[in-house]
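S.K.: Dropping the structure in here first, questions after.
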Amino acid sequence: MEWIERLNDAIGYIEEHLTEELDYEQLGRIACCSSYHFQRMFTYMAGVPLSEYIRRRKMSLAAVDLQGKAIKIIDVAGKYGYQSPTAFNRAFQSVHGIAPSAVKNEGVCVKSFPPIQFKLTVKGVEEMNYRIETKEAFRIVGVSVPLQKDIEKNFAVIPQKWQEIAGNGTLSKLIGMMDASPMGVLGVSTCNDTEPWRYYIATATTQEKGSLEEYVVPAATWAIFPGKGKNSSIQELERRIVTEWLPTSGYEYGSAPDVEVYLNPDPQNAEYEVWIPVTKKQG
């Protein structure tokens with residue numbers, strides 16, 4: 001329950017600071033993980049991205065502010081962090097389906113999105129296979145793209161990078177360089193709050209990097225989950241790890257990178273492993 005309580009404490013922080021610029025790193029600190037992992041946990045558990053949830057909460061309160069009050073729309077926009085009326089109008093209409101000016105008319109319908117509260121629900125209908133492994137540091141070589149702080153934006157950038165390197169021969173080159181453990185094409189996300197966020201497509205190798213990039217994955221302990229199927233199924237596995245396994249596992253997120261190991265990268269019949277960095281809960 002402590003894990004769920006941390007998430008609800010983070011929701012409390014959001015509510016207290018809806019009229020300010022929210023500090024995503026503070027949200028991670030409250031939940032005892034990186035801001036990246038907090039966003040991912042939130043999205044999987046709430047069924048909506050964190051940025052969209054915050055927008056809905058702001059627009060719910062903005063509608064209340066505008067109802068029956070002699071308050072200027074531009075002042076409400078500024079209250080919730082929108083510097084231009086155009087941006088505020090666009091956000092308001094995307095949530096309520098009407099312009100902010102229409103709310104002042106009696107009988108107009110608007111939407112309300114109350115604060116989320118997380119509760120632990122035990123599922124466990126389908127088994128999950130995993131193993132815990134502590135590994136020494138290992139060197140990877142490949143290419144990378146920066147990860148955005150709003151992780152939803154990365155869902156377009158990362159697949160594009162995979163397509164790019166598959167088409168220009170880089171992926172084949174990386175496969176040919178593979179000569180160290182873990183064997184497979186790797187997707188490595190450096191997503192703690194102490195180094196730049198990047199996503200590497202790489203292999204573990206002892207060979208010279210040439211024009212490619214290199215990164216040393218630090219020694220750490222990982223919970224490793226095998227999976228297979230279409231590449232899109234990896235997101236479903238990650239969702240189950242976060243919503244079903246992690247809350248009752250006795251572990252919490254560690255500070256090492258997330259690792260995807262593609263044993264067979266065929267997008268229609270992939271075999272892969274998802275590595276989640278973990279530390280044993282104290283007490």
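Chain labels run A, B, ... following the order of the structure tokens; each chain numbers its residues from 1, and ligands are numbered from 1 in the order shown.
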Report as a short mmCIF file (atom, residue, chain, number, x, y, z; two decimals) with N, CA and C atoms, in the first residue's frame all protein, DNA and RNA residues lying within 10 Å of Ile241 of chain A, evaluated on only C-alpha atoms, omitting residues in the same chain fewer than 3 positions from it.

M.R.:
```cif
data_model
loop_
_atom_site.label_atom_id
_atom_site.label_comp_id
_atom_site.auth_asym_id
_atom_site.auth_seq_id
_atom_site.Cartn_x
_atom_site.Cartn_y
_atom_site.Cartn_z
N MET A 41 4.17 5.15 -15.07
CA MET A 41 3.26 4.50 -14.12
C MET A 41 1.88 5.14 -14.17
N TYR A 44 -0.11 4.20 -17.40
CA TYR A 44 -0.60 2.83 -17.41
C TYR A 44 -1.72 2.63 -16.38
N MET A 128 2.64 -14.16 -14.71
CA MET A 128 3.74 -13.37 -15.26
C MET A 128 5.05 -14.05 -14.88
N TYR A 130 9.10 -14.00 -14.61
CA TYR A 130 10.19 -13.03 -14.50
C TYR A 130 11.33 -13.65 -13.72
N ALA A 223 14.59 -6.60 -12.85
CA ALA A 223 13.54 -7.61 -12.99
C ALA A 223 13.35 -7.79 -14.49
N PHE A 225 11.49 -9.63 -17.71
CA PHE A 225 10.25 -10.26 -18.12
C PHE A 225 10.32 -10.66 -19.59
N GLN A 235 4.35 -2.96 -25.14
CA GLN A 235 3.70 -1.95 -24.31
C GLN A 235 2.68 -2.58 -23.36
N GLU A 236 2.00 -3.63 -23.83
CA GLU A 236 1.06 -4.32 -22.96
C GLU A 236 1.79 -5.02 -21.83
N LEU A 237 2.95 -5.62 -22.14
CA LEU A 237 3.75 -6.25 -21.09
C LEU A 237 4.22 -5.21 -20.07
N GLU A 238 4.69 -4.05 -20.54
CA GLU A 238 5.13 -3.00 -19.64
C GLU A 238 3.97 -2.51 -18.76
N GLU A 244 0.38 -4.59 -12.33
CA GLU A 244 0.11 -5.85 -11.65
C GLU A 244 1.29 -6.36 -10.82
N TRP A 245 2.49 -6.28 -11.39
CA TRP A 245 3.63 -6.88 -10.69
C TRP A 245 4.25 -5.93 -9.67
N LEU A 246 4.56 -4.73 -10.09
CA LEU A 246 5.34 -3.81 -9.24
C LEU A 246 4.67 -3.49 -7.91
N PRO A 247 3.35 -3.21 -7.87
CA PRO A 247 2.76 -2.79 -6.59
C PRO A 247 2.90 -3.80 -5.46
N SER A 249 5.29 -6.47 -5.48
CA SER A 249 6.49 -7.28 -5.73
C SER A 249 7.50 -7.24 -4.59
N VAL A 274 11.91 -7.44 -21.34
CA VAL A 274 11.82 -6.10 -20.76
C VAL A 274 12.55 -6.12 -19.43
N ILE A 276 13.47 -4.07 -16.13
CA ILE A 276 13.08 -2.93 -15.28
C ILE A 276 14.08 -2.85 -14.12
#
```

S.K.: If you take only C-alpha atoms and a cut-off of 9 Å, which residues of segment 2-80 of chain A touch segment 184-204 of chain A, and what are their nearest atom pairs and distances in Å to one decimal, in chain and number order, as CSV?

M.R.:
```
residue,atom,partner,partner_atom,distance
A:Glu25,CA,A:Asp193,CA,7.2
A:Gly28,CA,A:Asp193,CA,8.9
A:Cys33,CA,A:Asn192,CA,8.0
A:Ser34,CA,A:Asn192,CA,5.1
A:Ser35,CA,A:Asp193,CA,7.0
A:Tyr36,CA,A:Cys191,CA,5.9
A:His37,CA,A:Cys191,CA,7.6
```

S.K.: DSSP on the backbone, then: every residue of segment 29-272 of chain A marked strand (DSSP E), written as a PyMOL selection string.

M.R.: chain A and resi 131-135+138-146+185-190+198-204+213-217+220-229+251-253+258-264+270-272

S.K.: May I have the residues within 10 Å of segment 90-106 of chain A as an mmCIF file with N, CA and C atoms, in the first residue's frame, using only C-alpha atoms and disregarding those fewer than 6 positions away in the same chain?

M.R.:
```cif
data_model
loop_
_atom_site.group_PDB
_atom_site.id
_atom_site.type_symbol
_atom_site.label_atom_id
_atom_site.label_comp_id
_atom_site.auth_asym_id
_atom_site.auth_seq_id
_atom_site.Cartn_x
_atom_site.Cartn_y
_atom_site.Cartn_z
ATOM 1 N N GLU A 52 -2.238 15.034 -20.238
ATOM 2 C CA GLU A 52 -3.663 15.164 -20.565
ATOM 3 C C GLU A 52 -4.500 15.246 -19.292
ATOM 4 N N ARG A 55 -4.228 18.723 -17.974
ATOM 5 C CA ARG A 55 -5.014 19.646 -18.801
ATOM 6 C C ARG A 55 -6.502 19.529 -18.465
ATOM 7 N N ARG A 56 -6.993 18.316 -18.300
ATOM 8 C CA ARG A 56 -8.407 18.124 -17.968
ATOM 9 C C ARG A 56 -8.752 18.724 -16.611
ATOM 10 N N ARG A 57 -7.859 18.553 -15.646
ATOM 11 C CA ARG A 57 -8.130 19.115 -14.325
ATOM 12 C C ARG A 57 -8.153 20.648 -14.392
ATOM 13 N N LYS A 58 -7.208 21.225 -15.112
ATOM 14 C CA LYS A 58 -7.176 22.686 -15.229
ATOM 15 C C LYS A 58 -8.444 23.204 -15.907
ATOM 16 N N MET A 59 -8.858 22.540 -16.986
ATOM 17 C CA MET A 59 -10.037 23.008 -17.714
ATOM 18 C C MET A 59 -11.320 22.775 -16.922
ATOM 19 N N SER A 60 -11.355 21.738 -16.067
ATOM 20 C CA SER A 60 -12.511 21.544 -15.185
ATOM 21 C C SER A 60 -12.659 22.723 -14.231
ATOM 22 N N ALA A 62 -11.264 25.685 -14.654
ATOM 23 C CA ALA A 62 -11.476 26.908 -15.432
ATOM 24 C C ALA A 62 -12.952 27.097 -15.757
ATOM 25 N N ALA A 63 -13.661 26.007 -16.066
ATOM 26 C CA ALA A 63 -15.090 26.104 -16.356
ATOM 27 C C ALA A 63 -15.857 26.609 -15.140
ATOM 28 N N VAL A 64 -15.491 26.138 -13.950
ATOM 29 C CA VAL A 64 -16.139 26.602 -12.716
ATOM 30 C C VAL A 64 -15.875 28.091 -12.517
ATOM 31 N N ASP A 65 -14.650 28.515 -12.772
ATOM 32 C CA ASP A 65 -14.304 29.929 -12.618
ATOM 33 C C ASP A 65 -15.141 30.816 -13.539
ATOM 34 N N LEU A 66 -15.435 30.312 -14.734
ATOM 35 C CA LEU A 66 -16.130 31.128 -15.733
ATOM 36 C C LEU A 66 -17.639 31.157 -15.553
ATOM 37 N N GLN A 67 -18.188 30.195 -14.832
ATOM 38 C CA GLN A 67 -19.646 30.098 -14.696
ATOM 39 C C GLN A 67 -20.202 31.195 -13.807
ATOM 40 N N GLY A 68 -21.041 32.034 -14.377
ATOM 41 C CA GLY A 68 -21.779 33.028 -13.611
ATOM 42 C C GLY A 68 -20.938 34.061 -12.906
ATOM 43 N N LYS A 69 -19.720 34.283 -13.407
ATOM 44 C CA LYS A 69 -18.865 35.259 -12.743
ATOM 45 C C LYS A 69 -18.412 36.330 -13.735
ATOM 46 N N ALA A 70 -18.265 37.525 -13.225
ATOM 47 C CA ALA A 70 -17.775 38.626 -14.060
ATOM 48 C C ALA A 70 -16.255 38.582 -14.082
ATOM 49 N N ILE A 71 -15.724 37.561 -14.695
ATOM 50 C CA ILE A 71 -14.277 37.379 -14.770
ATOM 51 C C ILE A 71 -13.865 37.276 -16.235
ATOM 52 N N LYS A 72 -12.774 37.898 -16.576
ATOM 53 C CA LYS A 72 -12.330 37.903 -17.957
ATOM 54 C C LYS A 72 -11.681 36.559 -18.312
ATOM 55 N N ILE A 73 -11.940 36.121 -19.527
ATOM 56 C CA ILE A 73 -11.368 34.858 -20.001
ATOM 57 C C ILE A 73 -9.849 34.915 -19.967
ATOM 58 N N VAL A 76 -8.588 34.070 -16.537
ATOM 59 C CA VAL A 76 -8.664 32.640 -16.241
ATOM 60 C C VAL A 76 -7.557 31.896 -16.976
ATOM 61 N N ALA A 77 -7.328 32.299 -18.220
ATOM 62 C CA ALA A 77 -6.244 31.674 -18.999
ATOM 63 C C ALA A 77 -4.910 31.843 -18.282
ATOM 64 N N TYR A 82 -1.753 29.700 -19.178
ATOM 65 C CA TYR A 82 -1.815 29.903 -20.623
ATOM 66 C C TYR A 82 -1.509 31.368 -20.930
ATOM 67 N N SER A 112 -16.801 17.684 -16.134
ATOM 68 C CA SER A 112 -16.033 17.738 -14.891
ATOM 69 C C SER A 112 -15.172 16.491 -14.784
ATOM 70 N N PHE A 113 -13.886 16.694 -14.546
ATOM 71 C CA PHE A 113 -12.949 15.593 -14.341
ATOM 72 C C PHE A 113 -12.401 15.711 -12.925
#
```

S.K.: Excluding same-chain residues fewer than 3 positions from Glu133 of chain A, what lies within 12 Å of it counting only C-alpha atoms, as a PyMOL selection string?

M.R.: chain A and resi 130+136+219-225+275-279
